[in-house]
$ cat run.txt   # compact mmCIF, C-alpha atoms and all ligand atoms
# COMPACT_ATOMS: atom_id res chain seq x y z
CA MET L 142 -50.46 67.55 -226.05
CA GLU L 143 -49.03 68.18 -222.60
CA PHE L 144 -46.74 65.14 -223.02
CA LEU L 145 -45.59 66.43 -226.37
CA VAL L 146 -44.59 69.83 -224.87
CA ILE L 147 -42.78 68.12 -221.95
CA GLY L 148 -41.07 65.80 -224.45
CA ILE L 149 -39.84 68.78 -226.53
CA ILE L 150 -38.54 70.54 -223.40
CA ILE L 151 -36.60 67.42 -222.29
CA ALA L 152 -35.13 66.98 -225.76
CA ALA L 153 -34.06 70.63 -225.85
CA ILE L 154 -32.35 70.32 -222.43
CA ALA L 155 -30.56 67.16 -223.61
CA ILE L 156 -29.25 68.89 -226.74
CA VAL L 157 -28.01 71.94 -224.82
CA GLY L 158 -26.31 69.67 -222.26
CA ALA L 159 -24.58 67.56 -224.89
CA THR L 160 -23.34 70.66 -226.72
CA ALA L 161 -21.93 72.13 -223.51
CA LEU L 162 -20.12 68.86 -222.72
CA PHE L 163 -18.64 68.72 -226.23
CA TYR L 164 -17.17 72.22 -226.00
CA ARG L 165 -15.78 71.55 -222.51
CA ALA L 166 -14.06 68.45 -223.82
CA ARG L 167 -12.57 70.42 -226.72
CA GLY L 168 -11.44 73.13 -224.37
CA ARG L 169 -9.34 70.63 -222.42
CA ARG L 170 -7.24 69.73 -225.48
CA ARG L 171 -3.79 71.26 -225.49
CA PRO L 172 -3.92 74.44 -227.51
CA VAL L 173 -1.30 73.97 -230.20
CA ALA L 174 -0.60 76.45 -232.95
CA PRO L 175 -1.61 74.70 -236.16
CA PRO L 176 0.83 74.65 -239.04
CA PRO L 177 -0.37 77.10 -241.65
CA ALA L 178 -2.50 75.72 -244.45
CA ALA L 179 -0.46 74.72 -247.44
CA PRO L 180 -0.75 76.93 -250.47
CA SER L 181 -1.43 75.06 -253.63
CA VAL L 182 -0.12 75.45 -257.13
CA THR L 183 -2.66 74.52 -259.75
CA ALA L 184 -2.04 73.41 -263.27
CA GLU L 185 -4.79 75.58 -264.70
CA ALA L 186 -4.15 78.97 -263.08
CA GLU L 187 -3.73 82.04 -265.28
CA ASP L 188 -0.49 83.71 -264.17
CA SER L 189 2.77 82.05 -264.90
CA PRO L 190 6.03 82.63 -263.09
CA ALA L 191 8.39 84.66 -265.21
CA GLY L 192 10.00 82.58 -267.84
CA THR L 193 8.73 79.22 -266.66
CA GLY L 194 6.52 78.67 -269.62
CA GLY L 195 4.30 76.94 -267.12
CA THR L 196 0.76 77.83 -266.15
CA ALA L 197 0.89 78.02 -262.41
CA VAL L 198 0.10 80.41 -259.65
CA ALA L 199 0.08 80.14 -255.89
CA GLU L 200 -3.26 80.33 -254.28
CA ARG L 201 -4.57 79.67 -250.83
CA ALA L 202 -6.36 76.38 -251.10
CA PRO L 203 -9.69 76.13 -249.31
CA PRO L 204 -9.22 74.75 -245.78
CA VAL L 205 -10.23 71.20 -246.62
CA ALA L 206 -8.20 70.92 -249.81
CA ALA L 207 -5.18 72.39 -248.03
CA THR L 208 -4.94 69.41 -245.71
CA PRO L 209 -5.65 66.40 -247.85
CA VAL L 210 -3.73 64.19 -245.44
CA PRO L 211 -6.24 61.93 -243.71
CA GLU L 212 -5.18 62.58 -240.17
CA ALA L 213 -6.40 64.57 -237.16
CA PRO L 214 -7.55 68.12 -237.96
CA ALA L 215 -4.64 70.59 -238.00
CA ALA L 216 -5.87 72.32 -234.83
CA GLU L 217 -5.26 69.13 -232.86
CA VAL L 218 -1.84 68.25 -234.29
CA GLU L 219 0.79 68.45 -231.61
CA LEU L 220 4.10 69.64 -232.95
CA GLU L 221 7.03 67.32 -232.40
CA VAL L 222 10.35 68.51 -231.11
CA PRO L 223 13.06 66.96 -233.27
CA GLU L 224 16.18 65.59 -231.67
CA PRO L 225 19.24 67.86 -231.56
CA THR L 226 21.60 67.18 -234.44
CA ALA L 227 24.85 67.30 -232.52
CA GLY L 228 26.10 63.79 -231.85
CA ARG L 229 23.53 62.07 -234.02
CA LEU L 230 26.12 59.98 -235.84
CA VAL L 231 27.45 58.84 -232.49
CA ARG L 232 23.94 57.90 -231.36
CA LEU L 233 23.38 56.01 -234.59
CA ARG L 234 26.80 54.39 -234.50
CA SER L 235 25.42 51.00 -233.54
CA ARG L 236 23.31 50.98 -236.72
CA LEU L 237 26.45 51.45 -238.74
CA SER L 238 28.59 48.98 -236.90
CA ARG L 239 25.87 46.34 -237.10
CA SER L 240 25.97 46.48 -240.86
CA GLN L 241 29.54 47.58 -241.46
CA GLY L 242 31.11 45.57 -238.65
CA THR L 243 32.12 42.81 -241.00
CA LEU L 244 34.19 45.22 -243.06
CA GLY L 245 36.06 46.77 -240.14
CA GLN L 246 36.54 43.53 -238.27
CA GLY L 247 37.60 41.69 -241.41
CA LEU L 248 40.24 44.27 -242.20
CA LEU L 249 41.55 44.35 -238.65
CA LYS L 250 41.89 40.60 -238.56
CA LEU L 251 43.82 40.55 -241.80
CA LEU L 252 46.05 43.47 -240.89
CA SER L 253 47.03 42.05 -237.52
CA ARG L 254 48.16 38.71 -238.93
CA ASP L 255 51.71 37.77 -237.98
CA LYS L 256 52.76 37.57 -241.57
CA LEU L 257 51.49 40.04 -244.13
CA ASP L 258 52.23 38.12 -247.30
CA GLU L 259 51.04 38.78 -250.84
CA ALA L 260 47.95 36.62 -250.37
CA THR L 261 46.96 38.63 -247.28
CA TRP L 262 47.34 41.95 -249.09
CA GLU L 263 45.23 40.62 -251.88
CA GLU L 264 42.58 39.60 -249.39
CA ILE L 265 42.67 43.07 -247.87
CA GLU L 266 42.25 44.63 -251.29
CA ASP L 267 39.36 42.28 -252.13
CA THR L 268 37.65 43.13 -248.85
CA LEU L 269 37.88 46.83 -249.65
CA ILE L 270 36.57 46.37 -253.17
CA ALA L 271 33.72 44.19 -251.89
CA ALA L 272 32.79 47.07 -249.58
CA ASP L 273 32.37 49.29 -252.66
CA LEU L 274 35.40 51.43 -252.01
CA GLY L 275 36.20 51.29 -255.72
CA VAL L 276 39.21 49.63 -257.34
CA GLY L 277 41.35 52.77 -257.49
CA PRO L 278 40.94 53.88 -253.86
CA ALA L 279 41.26 50.26 -252.65
CA GLY L 280 44.62 49.87 -254.42
CA GLU L 281 45.74 53.24 -253.12
CA LEU L 282 44.84 52.35 -249.55
CA VAL L 283 46.60 48.98 -249.74
CA GLU L 284 49.76 50.68 -251.01
CA ARG L 285 49.75 53.11 -248.11
CA LEU L 286 49.14 50.36 -245.58
CA ARG L 287 51.98 48.31 -247.09
CA THR L 288 54.36 51.22 -246.83
CA HIS L 289 53.49 51.74 -243.18
CA THR L 290 53.76 48.11 -242.19
CA ARG L 291 57.04 47.66 -244.10
CA VAL L 292 58.57 50.30 -241.89
CA GLN L 293 57.00 49.19 -238.66
CA GLY L 294 56.72 45.41 -239.06
CA ALA L 295 54.06 43.21 -237.51
CA ARG L 296 51.44 44.86 -235.36
CA THR L 297 48.89 44.17 -232.68
CA VAL L 298 45.17 44.59 -233.30
CA ASP L 299 45.29 47.98 -231.58
CA GLU L 300 48.15 49.16 -233.74
CA ALA L 301 46.37 47.87 -236.82
CA ARG L 302 43.23 49.71 -235.77
CA ALA L 303 45.10 52.99 -235.27
CA LEU L 304 46.78 52.67 -238.65
CA LEU L 305 43.57 51.76 -240.45
CA ARG L 306 41.72 54.57 -238.73
CA GLU L 307 44.26 57.13 -239.81
CA GLU L 308 44.32 55.93 -243.41
CA LEU L 309 40.55 55.58 -243.77
CA VAL L 310 39.89 59.02 -242.32
CA ALA L 311 42.46 60.48 -244.71
CA LEU L 312 40.79 58.70 -247.62
CA ILE L 313 37.37 60.10 -246.71
CA ASP L 314 39.04 63.48 -246.43
CA PRO L 315 38.14 65.38 -243.25
CA ALA L 316 39.16 68.65 -244.95
CA LEU L 317 36.12 68.67 -247.27
CA ASP L 318 33.51 71.28 -246.41
CA ARG L 319 30.44 69.30 -245.37
CA SER L 320 28.43 72.19 -244.04
CA LEU L 321 24.99 72.72 -245.52
CA LYS L 322 24.36 76.11 -247.10
CA VAL L 323 21.02 76.65 -245.45
CA ALA L 324 21.35 80.04 -243.81
CA LYS L 325 19.21 82.93 -245.01
CA HIS L 326 20.87 85.41 -247.40
CA PRO L 327 20.85 88.83 -245.76
CA ALA L 328 19.68 91.86 -247.68
CA ALA L 329 22.48 93.18 -249.88
CA ASP L 330 22.91 95.87 -252.54
CA GLY L 331 19.29 96.93 -252.33
CA ALA L 332 18.05 93.35 -252.75
CA PRO L 333 15.89 92.10 -249.89
CA GLU L 334 16.85 89.15 -247.74
CA ARG L 335 15.88 85.75 -249.07
CA PRO L 336 15.95 82.18 -247.90
CA ALA L 337 18.59 79.63 -248.77
CA VAL L 338 17.24 77.09 -251.23
CA ALA L 339 18.08 73.40 -251.22
CA MET L 340 16.89 70.87 -253.78
CA VAL L 341 16.79 67.14 -253.21
CA VAL L 342 17.29 64.96 -256.30
CA GLY L 343 17.89 61.34 -257.22
CA VAL L 344 16.50 58.21 -258.85
CA ASN L 345 13.28 56.55 -257.71
CA GLY L 346 12.99 55.26 -254.20
CA THR L 347 16.38 56.35 -252.89
CA GLY L 348 14.81 58.22 -249.97
CA LYS L 349 14.42 61.78 -251.27
CA THR L 350 11.11 62.64 -249.66
CA THR L 351 12.07 60.99 -246.41
CA THR L 352 15.38 62.84 -246.46
CA THR L 353 13.68 66.17 -247.20
CA GLY L 354 11.35 65.58 -244.23
CA LYS L 355 14.19 64.49 -241.96
CA LEU L 356 16.32 67.41 -243.09
CA ALA L 357 13.51 69.82 -242.22
CA ARG L 358 13.64 68.33 -238.73
CA VAL L 359 17.42 68.68 -238.58
CA LEU L 360 17.13 72.35 -239.51
CA ILE L 361 14.24 73.04 -237.16
CA ALA L 362 16.15 71.34 -234.34
CA ASP L 363 18.97 73.77 -235.09
CA GLY L 364 16.64 76.76 -234.91
CA TYR L 365 15.96 77.41 -238.60
CA THR L 366 12.55 78.09 -240.09
CA VAL L 367 11.65 76.04 -243.13
CA VAL L 368 9.23 75.97 -246.05
CA LEU L 369 8.87 72.75 -248.03
CA GLY L 370 8.22 72.60 -251.77
CA ALA L 371 6.58 69.42 -253.07
CA ALA L 372 7.91 69.53 -256.62
CA ASP L 373 7.09 65.86 -257.11
CA THR L 374 3.79 66.37 -258.84
CA PHE L 375 3.61 62.97 -260.53
CA ARG L 376 1.60 61.52 -257.68
CA ALA L 377 -0.58 63.42 -255.22
CA ALA L 378 0.61 60.93 -252.60
CA ALA L 379 4.15 62.28 -252.90
CA ALA L 380 3.01 65.76 -251.84
CA ASP L 381 0.88 64.27 -249.06
CA GLN L 382 3.93 62.37 -247.81
CA LEU L 383 6.02 65.53 -247.68
CA GLN L 384 3.24 67.60 -246.16
CA THR L 385 2.83 65.06 -243.39
CA TRP L 386 6.52 65.42 -242.54
CA GLY L 387 6.11 69.18 -242.53
CA GLN L 388 3.00 69.21 -240.38
CA ARG L 389 4.71 67.19 -237.67
CA VAL L 390 7.16 70.02 -237.10
CA GLY L 391 5.09 72.99 -238.24
CA ALA L 392 6.79 73.53 -241.61
CA TYR L 393 4.67 74.98 -244.37
CA THR L 394 4.34 72.93 -247.58
CA VAL L 395 3.81 74.44 -251.02
CA ARG L 396 2.30 71.82 -253.26
CA GLY L 397 0.90 71.53 -256.72
CA ALA L 398 -2.06 69.80 -258.26
CA GLU L 399 -1.24 66.36 -259.59
CA GLY L 400 0.46 66.88 -262.92
CA ALA L 401 1.30 70.55 -262.26
CA ASP L 402 4.60 71.82 -263.61
CA PRO L 403 7.20 70.90 -260.96
CA ALA L 404 9.27 73.94 -261.90
CA SER L 405 6.32 76.17 -261.05
CA VAL L 406 5.91 74.51 -257.67
CA ALA L 407 9.60 75.08 -256.97
CA PHE L 408 9.22 78.71 -258.04
CA GLU L 409 6.22 79.21 -255.79
CA ALA L 410 7.93 77.52 -252.86
CA VAL L 411 10.82 79.96 -253.07
CA LYS L 412 8.40 82.85 -253.44
CA GLU L 413 6.36 81.75 -250.43
CA GLY L 414 9.49 81.13 -248.40
CA THR L 415 10.74 84.62 -249.25
CA GLY L 416 7.38 86.16 -248.38
CA MET L 417 7.27 84.35 -245.08
CA GLY L 418 10.86 85.34 -244.29
CA VAL L 419 11.98 81.78 -243.50
CA ASP L 420 15.61 80.69 -243.43
CA THR L 421 15.43 77.75 -245.81
CA VAL L 422 13.28 76.38 -248.60
CA LEU L 423 13.65 72.64 -249.15
CA ILE L 424 12.43 71.33 -252.50
CA ASP L 425 11.65 67.65 -252.92
CA THR L 426 11.68 66.42 -256.52
CA ALA L 427 10.27 63.35 -258.21
CA GLY L 428 12.43 60.27 -258.58
CA ARG L 429 13.74 59.94 -262.10
CA LEU L 430 15.88 57.44 -263.89
CA HIS L 431 19.14 59.00 -264.98
CA THR L 432 18.69 57.31 -268.33
CA LYS L 433 15.48 59.22 -269.16
CA THR L 434 16.65 62.32 -270.95
CA GLY L 435 13.27 64.08 -270.85
CA LEU L 436 13.02 63.74 -267.09
CA MET L 437 16.60 64.83 -266.58
CA ASP L 438 15.94 67.93 -268.70
CA GLU L 439 12.90 68.64 -266.55
CA LEU L 440 15.09 68.51 -263.46
CA GLY L 441 17.43 71.06 -265.01
CA LYS L 442 14.42 73.28 -265.61
CA VAL L 443 13.20 72.96 -262.01
CA LYS L 444 16.55 74.26 -260.85
CA ARG L 445 16.76 77.05 -263.41
CA VAL L 446 13.27 78.27 -262.58
CA ALA L 447 13.88 78.13 -258.83
CA GLU L 448 17.00 80.19 -259.51
CA LYS L 449 15.02 83.03 -261.01
CA GLN L 450 14.69 84.35 -257.48
CA GLY L 451 18.30 83.83 -256.43
CA THR L 452 20.74 81.00 -256.12
CA VAL L 453 19.89 77.41 -255.36
CA ASP L 454 22.41 76.96 -252.61
CA GLU L 455 22.39 73.20 -252.24
CA VAL L 456 21.57 70.43 -254.64
CA LEU L 457 21.63 67.25 -252.61
CA LEU L 458 21.88 63.99 -254.52
CA VAL L 459 20.27 61.17 -252.58
CA LEU L 460 21.91 57.80 -253.22
CA ASP L 461 20.76 54.50 -251.80
CA ALA L 462 23.91 52.98 -250.33
CA THR L 463 22.62 49.47 -250.93
CA THR L 464 22.73 49.93 -254.70
CA GLY L 465 26.52 50.15 -254.61
CA GLN L 466 28.43 50.99 -257.74
CA ASN L 467 25.23 51.68 -259.68
CA GLY L 468 24.95 54.81 -257.55
CA LEU L 469 28.13 56.11 -259.18
CA VAL L 470 26.62 55.98 -262.64
CA GLN L 471 23.56 57.87 -261.38
CA ALA L 472 25.79 60.41 -259.66
CA ARG L 473 27.69 61.12 -262.84
CA VAL L 474 24.55 61.82 -264.89
CA PHE L 475 22.82 63.92 -262.24
CA ALA L 476 25.97 65.98 -261.79
CA GLU L 477 25.91 66.81 -265.49
CA VAL L 478 22.36 68.15 -265.33
CA VAL L 479 22.37 69.99 -262.01
CA ASP L 480 25.53 70.88 -260.15
CA ILE L 481 25.52 68.59 -257.15
CA THR L 482 26.78 70.27 -253.98
CA GLY L 483 26.40 67.40 -251.57
CA ILE L 484 25.57 63.72 -251.35
CA VAL L 485 23.14 62.09 -248.98
CA LEU L 486 23.80 58.38 -248.56
CA THR L 487 20.67 56.67 -247.32
CA LYS L 488 20.07 53.17 -246.01
CA LEU L 489 23.61 52.84 -244.68
CA ASP L 490 21.98 50.92 -241.84
CA GLY L 491 21.19 48.10 -244.23
CA THR L 492 24.47 47.49 -246.02
CA ALA L 493 28.04 46.46 -245.35
CA LYS L 494 29.15 48.53 -248.33
CA GLY L 495 30.22 51.67 -246.53
CA GLY L 496 33.10 52.09 -248.94
CA ILE L 497 30.66 53.82 -251.28
CA VAL L 498 31.28 56.98 -249.24
CA VAL L 499 34.81 57.11 -250.60
CA ALA L 500 33.91 55.98 -254.10
CA VAL L 501 31.18 58.55 -254.65
CA GLN L 502 33.22 61.43 -253.26
CA LYS L 503 36.07 60.52 -255.59
CA GLU L 504 33.68 60.17 -258.51
CA LEU L 505 32.04 63.57 -258.09
CA GLY L 506 34.55 65.52 -256.07
CA VAL L 507 31.58 66.40 -253.87
CA PRO L 508 31.37 65.56 -250.16
CA VAL L 509 28.91 63.24 -248.47
CA LYS L 510 27.07 65.68 -246.21
CA LEU L 511 24.38 63.53 -244.63
CA VAL L 512 23.79 59.86 -244.01
CA GLY L 513 20.51 58.03 -243.51
CA LEU L 514 20.66 55.36 -240.87
CA GLY L 515 17.11 54.17 -240.50
CA GLU L 516 13.46 54.90 -241.09
CA GLY L 517 12.90 56.85 -237.88
CA PRO L 518 12.20 60.60 -238.23
CA ASP L 519 15.51 61.56 -236.65
CA ASP L 520 17.63 58.87 -238.30
CA LEU L 521 19.48 61.32 -240.53
CA ALA L 522 22.88 62.50 -239.37
CA PRO L 523 25.40 65.06 -240.55
CA PHE L 524 28.30 63.02 -241.89
CA ASP L 525 31.50 63.03 -239.89
CA PRO L 526 34.47 61.01 -241.26
CA GLU L 527 36.00 60.26 -237.87
CA ALA L 528 32.79 59.08 -236.22
CA PHE L 529 32.06 57.02 -239.33
CA VAL L 530 35.45 55.29 -239.33
CA ASP L 531 35.26 54.71 -235.57
CA ALA L 532 31.93 52.97 -236.11
CA LEU L 533 33.51 50.76 -238.77
CA LEU L 534 36.40 49.79 -236.54
CA GLN L 535 34.51 49.44 -233.27
N1 LIG L 601 16.47 51.68 -243.60
C1 LIG L 601 16.37 52.87 -244.15
N2 LIG L 601 15.32 53.16 -244.95
C2 LIG L 601 15.25 54.38 -245.50
C3 LIG L 601 16.24 55.37 -245.28
N3 LIG L 601 15.90 56.48 -245.98
C4 LIG L 601 14.73 56.20 -246.59
N4 LIG L 601 14.33 54.95 -246.32
C5 LIG L 601 13.12 54.26 -246.79
O1 LIG L 601 13.14 54.19 -248.20
C6 LIG L 601 11.82 54.18 -248.70
C7 LIG L 601 11.66 55.18 -249.82
O2 LIG L 601 11.74 56.48 -249.28
P1 LIG L 601 11.17 57.77 -250.01
O3 LIG L 601 11.64 58.93 -249.22
O4 LIG L 601 9.73 57.67 -250.26
O5 LIG L 601 11.94 57.68 -251.38
P2 LIG L 601 11.87 58.69 -252.61
O6 LIG L 601 13.24 58.80 -253.17
O7 LIG L 601 11.22 59.94 -252.21
O8 LIG L 601 10.94 57.86 -253.59
P3 LIG L 601 10.27 58.42 -254.97
O9 LIG L 601 9.70 59.76 -254.67
O10 LIG L 601 9.23 57.40 -255.28
O11 LIG L 601 11.35 58.45 -255.97
C8 LIG L 601 10.91 54.45 -247.50
O12 LIG L 601 10.40 53.24 -247.05
C9 LIG L 601 11.87 55.03 -246.48
O13 LIG L 601 11.46 54.80 -245.15
C10 LIG L 601 17.37 55.02 -244.45
O14 LIG L 601 18.29 55.78 -244.22
N5 LIG L 601 17.37 53.77 -243.91
MG MG L 602 9.57 60.92 -253.03
$ encode --input "run.txt" --output "structure tokens"
Amino acid sequence: MEFLVIGIIIAAIAIVGATALFYRARGRRRPVAPPPAAPSVTAEAEDSPAGTGGTAVAERAPPVAATPVPEAPAAEVELEVPEPTAGRLVRLRSRLSRSQGTLGQGLLKLLSRDKLDEATWEEIEDTLIAADLGVGPAGELVERLRTHTRVQGARTVDEARALLREELVALIDPALDRSLKVAKHPAADGAPERPAVAMVVGVNGTGKTTTTGKLARVLIADGYTVVLGAADTFRAAAADQLQTWGQRVGAYTVRGAEGADPASVAFEAVKEGTGMGVDTVLIDTAGRLHTKTGLMDELGKVKRVAEKQGTVDEVLLVLDATTGQNGLVQARVFAEVVDITGIVLTKLDGTAKGGIVVAVQKELGVPVKLVGLGEGPDDLAPFDPEAFVDALLQ
């Protein structure tokens, strides 16, 4: 009996000691403000956003359901500090020149030949077309180069580079407004202030979710506050993917149950963003083939419903640069359904076909605003024609 009592006392001391050690260890962790739990939009909820025809409502998900991402508990997530955006294209220049070098170097070699005969001009034109510049712009550029060289005669590599630089920059058009409309709308005419809204659209696998996540980082690096809307409700994994991006930088993610109406999620994201007083709401959408009419109609609805609370300021079409001319067909169809305000060209690090920048701008009359140059979290850069051309001709 005595032994039993002593045994119980020892066990009690051991438990108390272990508990104290555990809390001390926790106390040493860096206190980091957790990103707020993500609200969730369910498919079965009663209220529906005005006019959506959907059956969705925002609700605070219980703590566990709000963080379905299998990673460290939110309280222990350390927020990352994204890289500043200024000069990103310069930093990522080597990625471009590695893949595009053949284009720039090839052109320079041809242009600095002693004799620029018909065969050489044809080669130049073929090189441009092979780089996805498009037949029209390639012919146009060759004509301009011919006119210049006719006047000035043979040229050194440096002269050829200067000429090519000037003409390529002009073709990409530095006058286009490439700024992102992401600043909060101030209160006006009795209406309260509201966030800018940007939607990210495109066919499957082009890099939409990645771009939305990277863009959130770009904005946060520039001092904006951001709410993310996971309007890709086809797969739960898509919302998890976006939420993970958000959690790394403390951006709140509004998500829906699998199969929830994506338009409702977009609506809720704008509503949450407005309630929280953030600068920008970024809405990721599901990949959809431009040939599937039903899915394209759904995209139109997502935008219309998001617009019930004010304008959608940016619709960014994400194109995979490695798919070349096929991207132009996609661009045309998407532009018919939702007015595209900017193009994001991803995977430019993996292709020599940088001419697509020119082709797609000509096709849509819409500027390339961002380029993706790798899979790293800060490998998205604001597009700058001069830095781009310099990278080509390095
Ligand atoms: N090399 C490289 N890879 C990229 C770039 N952008 C995206 N990716 C990769 O492309 C793949 C697809 O990216 P996601 O963002 O999931 O594409 P998505 O368009 O959201 O795909 P769906 O939602 O399925 O339509 C991922 O492996 C990304 O890491 C880029 O600029 N360069
Ligand atoms: Mg996606």
$ residues_around --input "run.txt" --residues "region 284-294 of chain L" --least-positions-apart "2" --cutoff "12 Å" --atoms "only C-alpha atoms" --output "ChimeraX atom specification"
/L:248-249,251-259,261-263,265-266,277-282,296-297,300-309,311-312
$ residues_near_ligand --input "run.txt" --ligand "ligand LIG 601 (chain L)" --cutoff "6 Å" --atoms "only C-alpha atoms and all ligand atoms" --output "VMD selection string"
chain L and resid 344 to 351 427 to 428 487 to 488 490 to 491 513 to 516
$ closest_residue --input "run.txt" --among "L:Thr394, L:Gln466, L:Thr415, L:Thr374" --to "Ala328 (chain L)" --atoms "all atoms listed in the file"
L:Thr415
$ residues_near_ligand --input "run.txt" --ligand "ligand MG 602 (chain L)" --cutoff "12 Å" --atoms "all atoms listed in the file" --output "count of residues only"
37
$ residues_around --input "run.txt" --residues "region 521-531 of chain L" --least-positions-apart "3" --cutoff "7 Å" --atoms "all atoms listed in the file" --output "list in words"
Thr226, Arg229, Leu230, Val231, Arg306, Leu309, Val310, Ile313, Pro315, Lys355, Val509, Lys510, Leu511, Val512, Gly513, Leu514, Leu534 and Gln535 of chain L
$ write_last_selection --input "run.txt" --atoms "C-alpha atoms" --output "PDB file, in the frame of the given file"
ATOM      1  CA  THR L 226      21.600  67.180-234.440  1.00  0.00           C
ATOM      2  CA  ARG L 229      23.530  62.070-234.020  1.00  0.00           C
ATOM      3  CA  LEU L 230      26.120  59.980-235.840  1.00  0.00           C
ATOM      4  CA  VAL L 231      27.450  58.840-232.490  1.00  0.00           C
ATOM      5  CA  ARG L 306      41.720  54.570-238.730  1.00  0.00           C
ATOM      6  CA  LEU L 309      40.550  55.580-243.770  1.00  0.00           C
ATOM      7  CA  VAL L 310      39.890  59.020-242.320  1.00  0.00           C
ATOM      8  CA  ILE L 313      37.370  60.100-246.710  1.00  0.00           C
ATOM      9  CA  PRO L 315      38.140  65.380-243.250  1.00  0.00           C
ATOM     10  CA  LYS L 355      14.190  64.490-241.960  1.00  0.00           C
ATOM     11  CA  VAL L 509      28.910  63.240-248.470  1.00  0.00           C
ATOM     12  CA  LYS L 510      27.070  65.680-246.210  1.00  0.00           C
ATOM     13  CA  LEU L 511      24.380  63.530-244.630  1.00  0.00           C
ATOM     14  CA  VAL L 512      23.790  59.860-244.010  1.00  0.00           C
ATOM     15  CA  GLY L 513      20.510  58.030-243.510  1.00  0.00           C
ATOM     16  CA  LEU L 514      20.660  55.360-240.870  1.00  0.00           C
ATOM     17  CA  LEU L 534      36.400  49.790-236.540  1.00  0.00           C
ATOM     18  CA  GLN L 535      34.510  49.440-233.270  1.00  0.00           C
TER      19      GLN L 535
END
$ atom_distance --input "run.txt" --atom1 "CA of Gly275 (chain L)" --atom2 "CA of Leu321 (chain L)"
26.2 Å
$ build_atoms --input "run.txt" --residues "region 290-294 of chain L" --atoms "all heavy atoms" --output "PDB file, in the coordinates of the input"
ATOM      1  N   THR L 290      53.413  49.346-242.892  1.00  0.00           N
ATOM      2  CA  THR L 290      53.760  48.110-242.190  1.00  0.00           C
ATOM      3  C   THR L 290      55.190  47.664-242.531  1.00  0.00           C
ATOM      4  O   THR L 290      55.846  47.045-241.709  1.00  0.00           O
ATOM      5  CB  THR L 290      52.776  46.978-242.534  1.00  0.00           C
ATOM      6  OG1 THR L 290      52.626  46.932-243.950  1.00  0.00           O
ATOM      7  CG2 THR L 290      51.428  47.209-241.888  1.00  0.00           C
ATOM      8  N   ARG L 291      55.665  48.011-243.724  1.00  0.00           N
ATOM      9  CA  ARG L 291      57.040  47.660-244.100  1.00  0.00           C
ATOM     10  C   ARG L 291      58.002  48.327-243.119  1.00  0.00           C
ATOM     11  O   ARG L 291      58.945  47.742-242.641  1.00  0.00           O
ATOM     12  CB  ARG L 291      57.320  48.129-245.530  1.00  0.00           C
ATOM     13  CG  ARG L 291      58.206  47.169-246.301  1.00  0.00           C
ATOM     14  CD  ARG L 291      58.340  47.597-247.745  1.00  0.00           C
ATOM     15  NE  ARG L 291      57.176  47.293-248.560  1.00  0.00           N
ATOM     16  CZ  ARG L 291      56.635  48.125-249.456  1.00  0.00           C
ATOM     17  NH1 ARG L 291      57.141  49.338-249.626  1.00  0.00           N
ATOM     18  NH2 ARG L 291      55.611  47.760-250.175  1.00  0.00           N
ATOM     19  N   VAL L 292      57.701  49.558-242.805  1.00  0.00           N
ATOM     20  CA  VAL L 292      58.570  50.300-241.890  1.00  0.00           C
ATOM     21  C   VAL L 292      58.449  49.778-240.469  1.00  0.00           C
ATOM     22  O   VAL L 292      59.418  49.606-239.764  1.00  0.00           O
ATOM     23  CB  VAL L 292      58.195  51.815-241.923  1.00  0.00           C
ATOM     24  CG1 VAL L 292      59.038  52.607-240.940  1.00  0.00           C
ATOM     25  CG2 VAL L 292      58.352  52.347-243.329  1.00  0.00           C
ATOM     26  N   GLN L 293      57.199  49.509-240.070  1.00  0.00           N
ATOM     27  CA  GLN L 293      57.000  49.190-238.660  1.00  0.00           C
ATOM     28  C   GLN L 293      56.865  47.711-238.322  1.00  0.00           C
ATOM     29  O   GLN L 293      56.785  47.349-237.158  1.00  0.00           O
ATOM     30  CB  GLN L 293      55.751  49.933-238.157  1.00  0.00           C
ATOM     31  CG  GLN L 293      55.977  51.426-238.144  1.00  0.00           C
ATOM     32  CD  GLN L 293      54.716  52.200-237.808  1.00  0.00           C
ATOM     33  OE1 GLN L 293      53.755  51.633-237.301  1.00  0.00           O
ATOM     34  NE2 GLN L 293      54.719  53.482-238.085  1.00  0.00           N
ATOM     35  N   GLY L 294      56.805  46.843-239.322  1.00  0.00           N
ATOM     36  CA  GLY L 294      56.720  45.410-239.060  1.00  0.00           C
ATOM     37  C   GLY L 294      55.345  44.974-238.562  1.00  0.00           C
ATOM     38  O   GLY L 294      54.372  45.706-238.697  1.00  0.00           O
TER      39      GLY L 294
END
